[in-house]
>>> print(open('query.tsv').read())   # TSV, C-alpha atoms
chain	number	residue	atom	x	y	z
E	178	MET	CA	-1.23	11.47	5.35
E	179	THR	CA	1.94	11.12	3.26
E	180	ASP	CA	2.55	13.30	0.21
E	181	ASP	CA	2.01	10.29	-2.03
E	182	ALA	CA	-1.28	9.38	-0.33
E	183	LEU	CA	-2.45	12.99	-0.58
E	184	ARG	CA	-1.56	13.18	-4.28
E	185	ILE	CA	-3.28	9.90	-5.06
E	186	PHE	CA	-6.43	10.96	-3.18
E	187	ILE	CA	-6.56	14.32	-4.98
E	188	TYR	CA	-6.37	12.70	-8.40
E	189	GLU	CA	-8.73	9.85	-7.61
E	190	ARG	CA	-11.29	12.35	-6.39
E	191	VAL	CA	-11.01	14.79	-9.30
E	192	ILE	CA	-11.11	12.01	-11.89
E	193	GLU	CA	-14.17	10.50	-10.22
E	194	SER	CA	-16.13	13.66	-9.46
E	195	GLY	CA	-14.72	16.35	-11.76
E	196	LYS	CA	-13.70	18.57	-8.85
E	197	PRO	CA	-10.50	18.66	-6.81
E	198	PRO	CA	-11.29	17.89	-3.17
E	199	SER	CA	-11.54	20.74	-0.67
E	200	SER	CA	-9.40	20.87	2.45
E	201	ILE	CA	-12.50	19.73	4.36
E	202	ASP	CA	-12.92	16.71	2.05
E	203	ILE	CA	-9.26	15.80	2.43
E	204	GLY	CA	-9.37	16.33	6.18
E	205	MET	CA	-12.35	14.03	6.54
E	206	HIS	CA	-10.69	11.35	4.43
E	207	PHE	CA	-7.42	11.41	6.39
E	208	ASP	CA	-8.96	12.40	9.73
E	209	VAL	CA	-6.95	15.62	10.07
E	210	ALA	CA	-8.00	19.25	10.52
E	211	PRO	CA	-8.60	21.34	7.36
E	212	ALA	CA	-5.99	23.86	8.51
E	213	VAL	CA	-3.41	21.08	8.61
E	214	VAL	CA	-4.46	20.01	5.12
E	215	ARG	CA	-4.04	23.54	3.77
E	216	ASP	CA	-0.52	23.70	5.21
E	217	ARG	CA	0.33	20.36	3.63
E	218	LEU	CA	-1.08	21.39	0.28
E	219	ALA	CA	0.99	24.57	0.31
E	220	ALA	CA	4.11	22.55	1.08
E	221	LEU	CA	3.38	19.75	-1.35
E	222	LYS	CA	6.48	19.39	-3.51
E	223	ILE	CA	5.30	17.67	-6.61
E	224	GLY	CA	6.60	20.02	-9.24
E	225	LYS	CA	4.01	22.37	-10.68
E	226	THR	CA	1.31	19.73	-10.63
E	227	VAL	CA	-0.82	20.75	-7.65
E	228	LEU	CA	-1.08	24.46	-7.00
E	229	VAL	CA	-3.08	26.15	-4.27
E	230	HIS	CA	-4.94	29.43	-4.62
E	231	PRO	CA	-2.93	32.25	-2.99
E	232	GLU	CA	-5.93	33.54	-1.03
E	233	SER	CA	-8.23	30.58	-0.34
E	234	HIS	CA	-5.33	28.12	0.07
E	235	GLU	CA	-7.57	25.49	-1.53
E	236	ILE	CA	-6.50	23.51	-4.59
E	237	TRP	CA	-6.45	25.89	-7.57
E	238	MET	CA	-5.31	23.35	-10.11
E	239	ALA	CA	-4.26	19.75	-10.09
E	240	GLY	CA	-2.76	19.70	-13.54
E	241	PRO	CA	-4.37	19.25	-16.00
E	242	PHE	CA	-7.57	19.75	-13.98
E	243	ALA	CA	-8.79	23.21	-12.96
E	244	SER	CA	-10.92	23.86	-9.91
E	245	LYS	CA	-12.99	26.58	-11.59
E	246	PRO	CA	-14.40	27.10	-15.08
E	247	SER	CA	-11.75	28.50	-17.42
E	248	GLY	CA	-13.56	28.23	-20.74
E	249	HIS	CA	-12.24	24.71	-21.34
E	250	SER	CA	-14.54	21.96	-20.12
E	251	LEU	CA	-15.19	18.32	-20.89
E	252	THR	CA	-18.03	15.95	-20.15
E	253	ASP	CA	-19.04	12.34	-20.57
E	254	GLY	CA	-22.68	13.32	-20.16
E	255	THR	CA	-22.68	12.74	-16.43
E	256	THR	CA	-19.54	14.34	-15.03
E	257	THR	CA	-17.96	17.63	-16.07
E	258	TRP	CA	-14.25	18.33	-15.76
E	259	GLU	CA	-12.62	21.75	-16.08
E	260	ALA	CA	-9.24	22.09	-17.78
E	261	ASN	CA	-6.79	24.95	-17.52
E	262	CYS	CA	-6.31	25.34	-21.28
E	263	VAL	CA	-6.77	23.46	-24.54
E	264	TRP	CA	-3.59	21.41	-23.94
E	265	ASP	CA	-5.00	20.38	-20.59
E	266	MET	CA	-8.30	19.40	-22.23
E	267	PHE	CA	-6.43	16.58	-23.92
E	268	GLY	CA	-4.56	15.94	-20.66
E	269	VAL	CA	-7.87	15.46	-18.84
E	270	THR	CA	-8.94	12.98	-21.49
E	271	MET	CA	-5.70	11.04	-21.10
E	272	LEU	CA	-6.08	10.83	-17.32
E	273	VAL	CA	-9.80	10.06	-17.28
E	274	GLY	CA	-8.99	7.43	-19.88
E	275	ARG	CA	-11.99	7.58	-22.17
E	276	ALA	CA	-13.46	9.72	-24.91
E	277	LEU	CA	-14.99	12.98	-23.69
E	278	ARG	CA	-16.76	15.85	-25.38
E	279	GLY	CA	-14.83	19.07	-24.94
E	280	LYS	CA	-15.87	22.69	-25.31
E	281	ALA	CA	-13.58	25.66	-25.79
E	282	LYS	CA	-14.35	29.28	-26.56
E	283	CYS	CA	-12.59	31.00	-29.46
E	284	PRO	CA	-10.84	34.02	-27.85
E	285	ASP	CA	-11.50	36.08	-31.01
E	286	CYS	CA	-15.21	35.63	-31.67
E	287	GLY	CA	-16.42	33.86	-28.53
E	288	GLU	CA	-17.92	30.97	-30.44
E	289	ILE	CA	-18.06	27.73	-28.50
E	290	MET	CA	-16.16	25.02	-30.34
E	291	HIS	CA	-16.87	21.38	-29.73
E	292	VAL	CA	-13.75	19.24	-29.56
E	293	GLU	CA	-13.87	15.47	-29.54
E	294	CYS	CA	-11.21	14.37	-27.06
E	295	ASP	CA	-10.33	10.70	-27.28
E	296	PRO	CA	-7.22	9.22	-25.64
E	297	ALA	CA	-7.03	6.62	-28.40
E	298	GLU	CA	-7.64	8.75	-31.47
E	299	LEU	CA	-6.16	11.89	-32.97
E	300	PRO	CA	-8.61	14.79	-33.37
E	301	SER	CA	-9.86	15.11	-36.93
E	302	ASP	CA	-10.26	18.89	-37.13
E	303	GLU	CA	-7.66	20.54	-39.36
E	304	SER	CA	-8.96	24.09	-39.58
E	305	ARG	CA	-8.61	25.09	-35.95
E	306	VAL	CA	-5.26	26.29	-34.64
E	307	VAL	CA	-3.63	26.26	-31.24
E	308	HIS	CA	-1.71	29.35	-30.20
E	309	PHE	CA	0.98	29.37	-27.53
E	310	LEU	CA	1.45	32.99	-26.52
E	311	VAL	CA	4.10	32.34	-23.87
E	312	PRO	CA	7.47	30.70	-24.70
E	313	ALA	CA	8.32	27.54	-22.78
E	314	ARG	CA	11.01	29.29	-20.75
E	315	HIS	CA	8.32	31.45	-19.12
E	316	TRP	CA	5.51	28.88	-18.73
E	317	TYR	CA	5.88	28.62	-14.98
E	318	ALA	CA	6.66	32.27	-14.22
E	319	ASP	CA	2.90	32.97	-14.12
E	320	ILE	CA	1.10	29.70	-14.63
E	321	GLY	CA	-2.32	31.34	-14.41
E	322	PHE	CA	-1.53	33.65	-17.34
E	323	THR	CA	0.16	30.89	-19.31
B	162	MET	CA	-2.56	28.42	-24.74
B	163	SER	CA	-5.79	28.88	-26.63
B	164	LEU	CA	-7.75	27.27	-29.43
B	165	PHE	CA	-8.89	29.48	-32.32
B	166	ARG	CA	-11.43	28.66	-34.99
B	167	SER	CA	-8.87	29.36	-37.71
B	168	GLU	CA	-5.67	31.26	-38.45
B	169	GLU	CA	-7.84	34.22	-39.50
B	170	HIS	CA	-9.42	34.33	-36.03
B	171	LEU	CA	-5.98	34.13	-34.44
B	172	ASP	CA	-4.76	37.04	-36.57
B	173	ASN	CA	-7.83	39.09	-35.63
B	174	TRP	CA	-7.24	38.43	-31.95
B	175	LEU	CA	-3.53	39.31	-32.13
B	176	ARG	CA	-4.34	42.62	-33.84
B	177	ALA	CA	-7.17	43.50	-31.46
B	178	ASN	CA	-5.05	42.74	-28.40
B	179	LYS	CA	-1.79	44.16	-29.77
B	180	ARG	CA	0.00	40.89	-29.17
B	181	GLU	CA	2.90	39.33	-31.00
B	182	GLN	CA	2.29	35.86	-32.37
B	183	GLY	CA	3.86	33.14	-30.26
B	184	ALA	CA	3.83	29.65	-31.73
B	185	VAL	CA	1.05	27.93	-33.65
B	186	THR	CA	0.42	24.20	-33.64
B	187	SER	CA	-2.30	21.87	-34.84
B	188	LEU	CA	-4.73	20.03	-32.61
B	189	ASP	CA	-3.03	16.79	-33.68
B	190	THR	CA	0.32	18.00	-32.36
B	191	LEU	CA	-1.27	19.14	-29.12
B	192	TRP	CA	-2.96	15.75	-28.69
B	193	CYS	CA	0.40	14.01	-29.16
B	194	LEU	CA	2.02	16.37	-26.67
B	195	ALA	CA	-0.69	15.71	-24.08
B	196	LYS	CA	-0.47	11.95	-24.59
B	197	ALA	CA	3.28	11.97	-23.99
B	198	TRP	CA	3.21	14.60	-21.23
B	199	TYR	CA	0.48	13.36	-18.93
B	200	VAL	CA	1.50	10.20	-17.19
B	201	VAL	CA	-0.93	9.18	-14.49
B	202	PRO	CA	-0.20	11.17	-11.32
B	203	ARG	CA	-2.36	8.97	-9.14
B	204	LEU	CA	-0.02	6.01	-9.57
B	205	PRO	CA	1.92	5.32	-6.35
B	206	ASP	CA	5.35	5.54	-7.99
B	207	TRP	CA	4.63	8.73	-9.96
B	208	LYS	CA	7.32	11.41	-9.81
B	209	PRO	CA	7.39	14.87	-11.35
B	210	SER	CA	9.26	14.87	-14.65
B	211	ALA	CA	12.76	16.25	-14.56
B	212	ARG	CA	13.45	19.23	-16.81
B	213	ASP	CA	15.36	17.20	-19.41
B	214	ALA	CA	12.65	14.55	-19.60
B	215	SER	CA	10.00	17.24	-20.11
B	216	GLN	CA	12.13	18.86	-22.81
B	217	ALA	CA	12.50	15.50	-24.54
B	218	VAL	CA	8.72	15.08	-24.60
B	219	ILE	CA	8.23	18.52	-26.16
B	220	ASN	CA	10.88	17.85	-28.81
B	221	SER	CA	9.52	14.35	-29.53
B	222	VAL	CA	6.36	15.78	-31.09
B	223	GLY	CA	8.32	18.09	-33.38
B	224	LEU	CA	8.28	21.21	-31.21
B	225	THR	CA	11.87	22.39	-31.29
B	226	GLY	CA	13.78	25.65	-31.23
B	227	GLU	CA	14.13	28.53	-28.80
B	228	PHE	CA	10.38	29.04	-28.27
B	229	TRP	CA	10.03	25.46	-27.03
B	230	THR	CA	13.09	25.40	-24.77
B	231	LEU	CA	12.37	25.07	-21.07
B	232	PRO	CA	14.48	27.08	-18.60
>>> encode(input="query.tsv", output="structure tokens")
Amino acid sequence: MTDDALRIFIYERVIESGKPPSSIDIGMHFDVAPAVVRDRLAALKIGKTVLVHPESHEIWMAGPFASKPSGHSLTDGTTTWEANCVWDMFGVTMLVGRALRGKAKCPDCGEIMHVECDPAELPSDESRVVHFLVPARHWYADIGFT
Amino acid sequence: MSLFRSEEHLDNWLRANKREQGAVTSLDTLWCLAKAWYVVPRLPDWKPSARDASQAVINSVGLTGEFWTLP
């Protein structure tokens, strides 16, 4: 189970199923114990791309995919993917490689907005705005908050 | 980062939460940023982007200045 093989498996699985694999899933695939997988995940040095949850030690995010609902989801009608933020919604579309229907909740009024996410076409909506609260220099200081 | 229905909704939210405005972009700009940022991490030869390469991607879609400068 090399780092590259682990990374490739994580992304193949999340793109296919919508969920990052658990340590049990990974362990079964590579025939290693889940505890060994969790250690490897924690030590995985691939930038800020794959992060593990500090308590469960399972995959928390495999950027741009989130492991849990965060208010930013996409579907093709069969599979649902969770994104970490609206930027990552488009990232999911780019990695899945086809048009998906996205949903995001307006933080002000709570209304669910439908966002057409197509890797080959710019979005057409001009009234909605994207707000970056955190400057780029602090993006990775608390990635969950960002 | 979050998506708001309009600038009015963003202003309401900033007031209600006593937050300073950060930076505002369009969905088009964000789409361009995502397209340039997310190379396919399941490719065998994928490597994390170096800081300067990431900064170049951000600047390439017109996001420049102190707010958009990586550490």
>>> interface_residues(input="query.tsv", of="chain B", to="chain E", cutoff="6 Å", atoms="all atoms listed in the file", output="NGL selection string")
:B and (162-167 or 170 or 174 or 183-187 or 189 or 192 or 195 or 199 or 203 or 209 or 228-232)
>>> write_last_selection(input="query.tsv", atoms="C-alpha atoms", output="CSV table (one decimal), in the frame of the given file")
chain,number,residue,atom,x,y,z
B,162,MET,CA,-2.6,28.4,-24.7
B,163,SER,CA,-5.8,28.9,-26.6
B,164,LEU,CA,-7.8,27.3,-29.4
B,165,PHE,CA,-8.9,29.5,-32.3
B,166,ARG,CA,-11.4,28.7,-35.0
B,167,SER,CA,-8.9,29.4,-37.7
B,170,HIS,CA,-9.4,34.3,-36.0
B,174,TRP,CA,-7.2,38.4,-32.0
B,183,GLY,CA,3.9,33.1,-30.3
B,184,ALA,CA,3.8,29.6,-31.7
B,185,VAL,CA,1.0,27.9,-33.6
B,186,THR,CA,0.4,24.2,-33.6
B,187,SER,CA,-2.3,21.9,-34.8
B,189,ASP,CA,-3.0,16.8,-33.7
B,192,TRP,CA,-3.0,15.8,-28.7
B,195,ALA,CA,-0.7,15.7,-24.1
B,199,TYR,CA,0.5,13.4,-18.9
B,203,ARG,CA,-2.4,9.0,-9.1
B,209,PRO,CA,7.4,14.9,-11.4
B,228,PHE,CA,10.4,29.0,-28.3
B,229,TRP,CA,10.0,25.5,-27.0
B,230,THR,CA,13.1,25.4,-24.8
B,231,LEU,CA,12.4,25.1,-21.1
B,232,PRO,CA,14.5,27.1,-18.6
>>> axis_aligned_box(input="query.tsv", around="region 258-262 of chain E", padding_each_side="3 Å", output="lines of an AutoDock Vina configuration file")
center_x = -10.3
center_y = 21.8
center_z = -18.5
size_x = 13.9
size_y = 13.0
size_z = 11.5
>>> atom_distance(input="query.tsv", atom1="CA of Asn173 (chain B)", atom2="CA of Pro246 (chain E)")
24.7 Å
>>> residues_around(input="query.tsv", residues="Met178 (chain E)", least_positions_apart="5", cutoff="12 Å", atoms="all atoms listed in the file", output="list in words")
Leu183, Arg184, Ile185, Phe186, Ile187, Ile203, Gly204, Met205, His206, Phe207, Asp208, Val209, Ala210, Val213, Val214, Arg217, Leu218 and Leu221 of chain E
>>> atom_distance(input="query.tsv", atom1="CA of Ser247 (chain E)", atom2="CA of Ala260 (chain E)")
6.9 Å
>>> atom_distance(input="query.tsv", atom1="CA of Pro211 (chain E)", atom2="CA of Ser233 (chain E)")
12.0 Å
>>> closest_residue(input="query.tsv", among="B:Gly223, B:Glu168, B:Ala211, B:Ala197", to="Gln182 (chain B)", atoms="all atoms listed in the file")
B:Glu168
>>> residues_around(input="query.tsv", residues="Ala219 (chain E)", least_positions_apart="5", cutoff="8 Å", atoms="only C-alpha atoms", output="ChimeraX atom specification")
/E:228-229,234
>>> decode(input="query.tsv", residues="region 203-224 of chain B", atoms="N, CA and C atoms", output="PDB file, in the first residue's frame")
ATOM      1  N   ARG B 203      -6.320  11.476  -8.813  1.00  0.00           N
ATOM      2  CA  ARG B 203      -6.213  10.030  -8.855  1.00  0.00           C
ATOM      3  C   ARG B 203      -5.246   9.579  -9.960  1.00  0.00           C
ATOM      4  N   LEU B 204      -4.678  10.558 -10.679  1.00  0.00           N
ATOM      5  CA  LEU B 204      -3.689  10.187 -11.688  1.00  0.00           C
ATOM      6  C   LEU B 204      -2.399   9.748 -10.992  1.00  0.00           C
ATOM      7  N   PRO B 205      -1.735   8.731 -11.517  1.00  0.00           N
ATOM      8  CA  PRO B 205      -0.543   8.188 -10.839  1.00  0.00           C
ATOM      9  C   PRO B 205       0.558   9.215 -10.608  1.00  0.00           C
ATOM     10  N   ASP B 206       0.731  10.151 -11.537  1.00  0.00           N
ATOM     11  CA  ASP B 206       1.845  11.093 -11.402  1.00  0.00           C
ATOM     12  C   ASP B 206       1.436  12.409 -10.753  1.00  0.00           C
ATOM     13  N   TRP B 207       0.250  12.445 -10.121  1.00  0.00           N
ATOM     14  CA  TRP B 207      -0.209  13.665  -9.468  1.00  0.00           C
ATOM     15  C   TRP B 207       0.710  14.037  -8.299  1.00  0.00           C
ATOM     16  N   LYS B 208       0.983  15.317  -8.175  1.00  0.00           N
ATOM     17  CA  LYS B 208       1.733  15.828  -7.020  1.00  0.00           C
ATOM     18  C   LYS B 208       1.023  17.058  -6.487  1.00  0.00           C
ATOM     19  N   PRO B 209       1.105  17.294  -5.177  1.00  0.00           N
ATOM     20  CA  PRO B 209       0.502  18.523  -4.651  1.00  0.00           C
ATOM     21  C   PRO B 209       1.148  19.741  -5.301  1.00  0.00           C
ATOM     22  N   SER B 210       0.339  20.760  -5.555  1.00  0.00           N
ATOM     23  CA  SER B 210       0.883  21.975  -6.170  1.00  0.00           C
ATOM     24  C   SER B 210       1.801  22.689  -5.193  1.00  0.00           C
ATOM     25  N   ALA B 211       2.909  23.174  -5.715  1.00  0.00           N
ATOM     26  CA  ALA B 211       3.784  24.010  -4.902  1.00  0.00           C
ATOM     27  C   ALA B 211       3.098  25.353  -4.682  1.00  0.00           C
ATOM     28  N   ARG B 212       3.554  26.062  -3.657  1.00  0.00           N
ATOM     29  CA  ARG B 212       2.932  27.340  -3.288  1.00  0.00           C
ATOM     30  C   ARG B 212       2.882  28.307  -4.475  1.00  0.00           C
ATOM     31  N   ASP B 213       3.985  28.450  -5.199  1.00  0.00           N
ATOM     32  CA  ASP B 213       4.031  29.420  -6.296  1.00  0.00           C
ATOM     33  C   ASP B 213       3.091  29.029  -7.431  1.00  0.00           C
ATOM     34  N   ALA B 214       2.956  27.742  -7.673  1.00  0.00           N
ATOM     35  CA  ALA B 214       2.049  27.282  -8.725  1.00  0.00           C
ATOM     36  C   ALA B 214       0.601  27.570  -8.321  1.00  0.00           C
ATOM     37  N   SER B 215       0.284  27.340  -7.045  1.00  0.00           N
ATOM     38  CA  SER B 215      -1.068  27.634  -6.562  1.00  0.00           C
ATOM     39  C   SER B 215      -1.358  29.126  -6.653  1.00  0.00           C
ATOM     40  N   GLN B 216      -0.355  29.940  -6.285  1.00  0.00           N
ATOM     41  CA  GLN B 216      -0.541  31.394  -6.366  1.00  0.00           C
ATOM     42  C   GLN B 216      -0.774  31.824  -7.809  1.00  0.00           C
ATOM     43  N   ALA B 217      -0.054  31.201  -8.727  1.00  0.00           N
ATOM     44  CA  ALA B 217      -0.214  31.552 -10.142  1.00  0.00           C
ATOM     45  C   ALA B 217      -1.623  31.228 -10.632  1.00  0.00           C
ATOM     46  N   VAL B 218      -2.175  30.126 -10.149  1.00  0.00           N
ATOM     47  CA  VAL B 218      -3.541  29.760 -10.535  1.00  0.00           C
ATOM     48  C   VAL B 218      -4.525  30.818 -10.028  1.00  0.00           C
ATOM     49  N   ILE B 219      -4.384  31.203  -8.780  1.00  0.00           N
ATOM     50  CA  ILE B 219      -5.283  32.209  -8.196  1.00  0.00           C
ATOM     51  C   ILE B 219      -5.213  33.509  -8.996  1.00  0.00           C
ATOM     52  N   ASN B 220      -3.992  33.939  -9.271  1.00  0.00           N
ATOM     53  CA  ASN B 220      -3.816  35.209 -10.003  1.00  0.00           C
ATOM     54  C   ASN B 220      -4.317  35.108 -11.444  1.00  0.00           C
ATOM     55  N   SER B 221      -4.254  33.904 -12.024  1.00  0.00           N
ATOM     56  CA  SER B 221      -4.617  33.741 -13.440  1.00  0.00           C
ATOM     57  C   SER B 221      -6.094  34.004 -13.714  1.00  0.00           C
ATOM     58  N   VAL B 222      -6.919  33.928 -12.665  1.00  0.00           N
ATOM     59  CA  VAL B 222      -8.348  34.188 -12.880  1.00  0.00           C
ATOM     60  C   VAL B 222      -8.723  35.597 -12.417  1.00  0.00           C
ATOM     61  N   GLY B 223      -7.696  36.426 -12.201  1.00  0.00           N
ATOM     62  CA  GLY B 223      -7.948  37.829 -11.878  1.00  0.00           C
ATOM     63  C   GLY B 223      -8.032  38.125 -10.392  1.00  0.00           C
ATOM     64  N   LEU B 224      -7.726  37.149  -9.563  1.00  0.00           N
ATOM     65  CA  LEU B 224      -7.765  37.368  -8.112  1.00  0.00           C
ATOM     66  C   LEU B 224      -6.351  37.721  -7.659  1.00  0.00           C
TER      67      LEU B 224
END
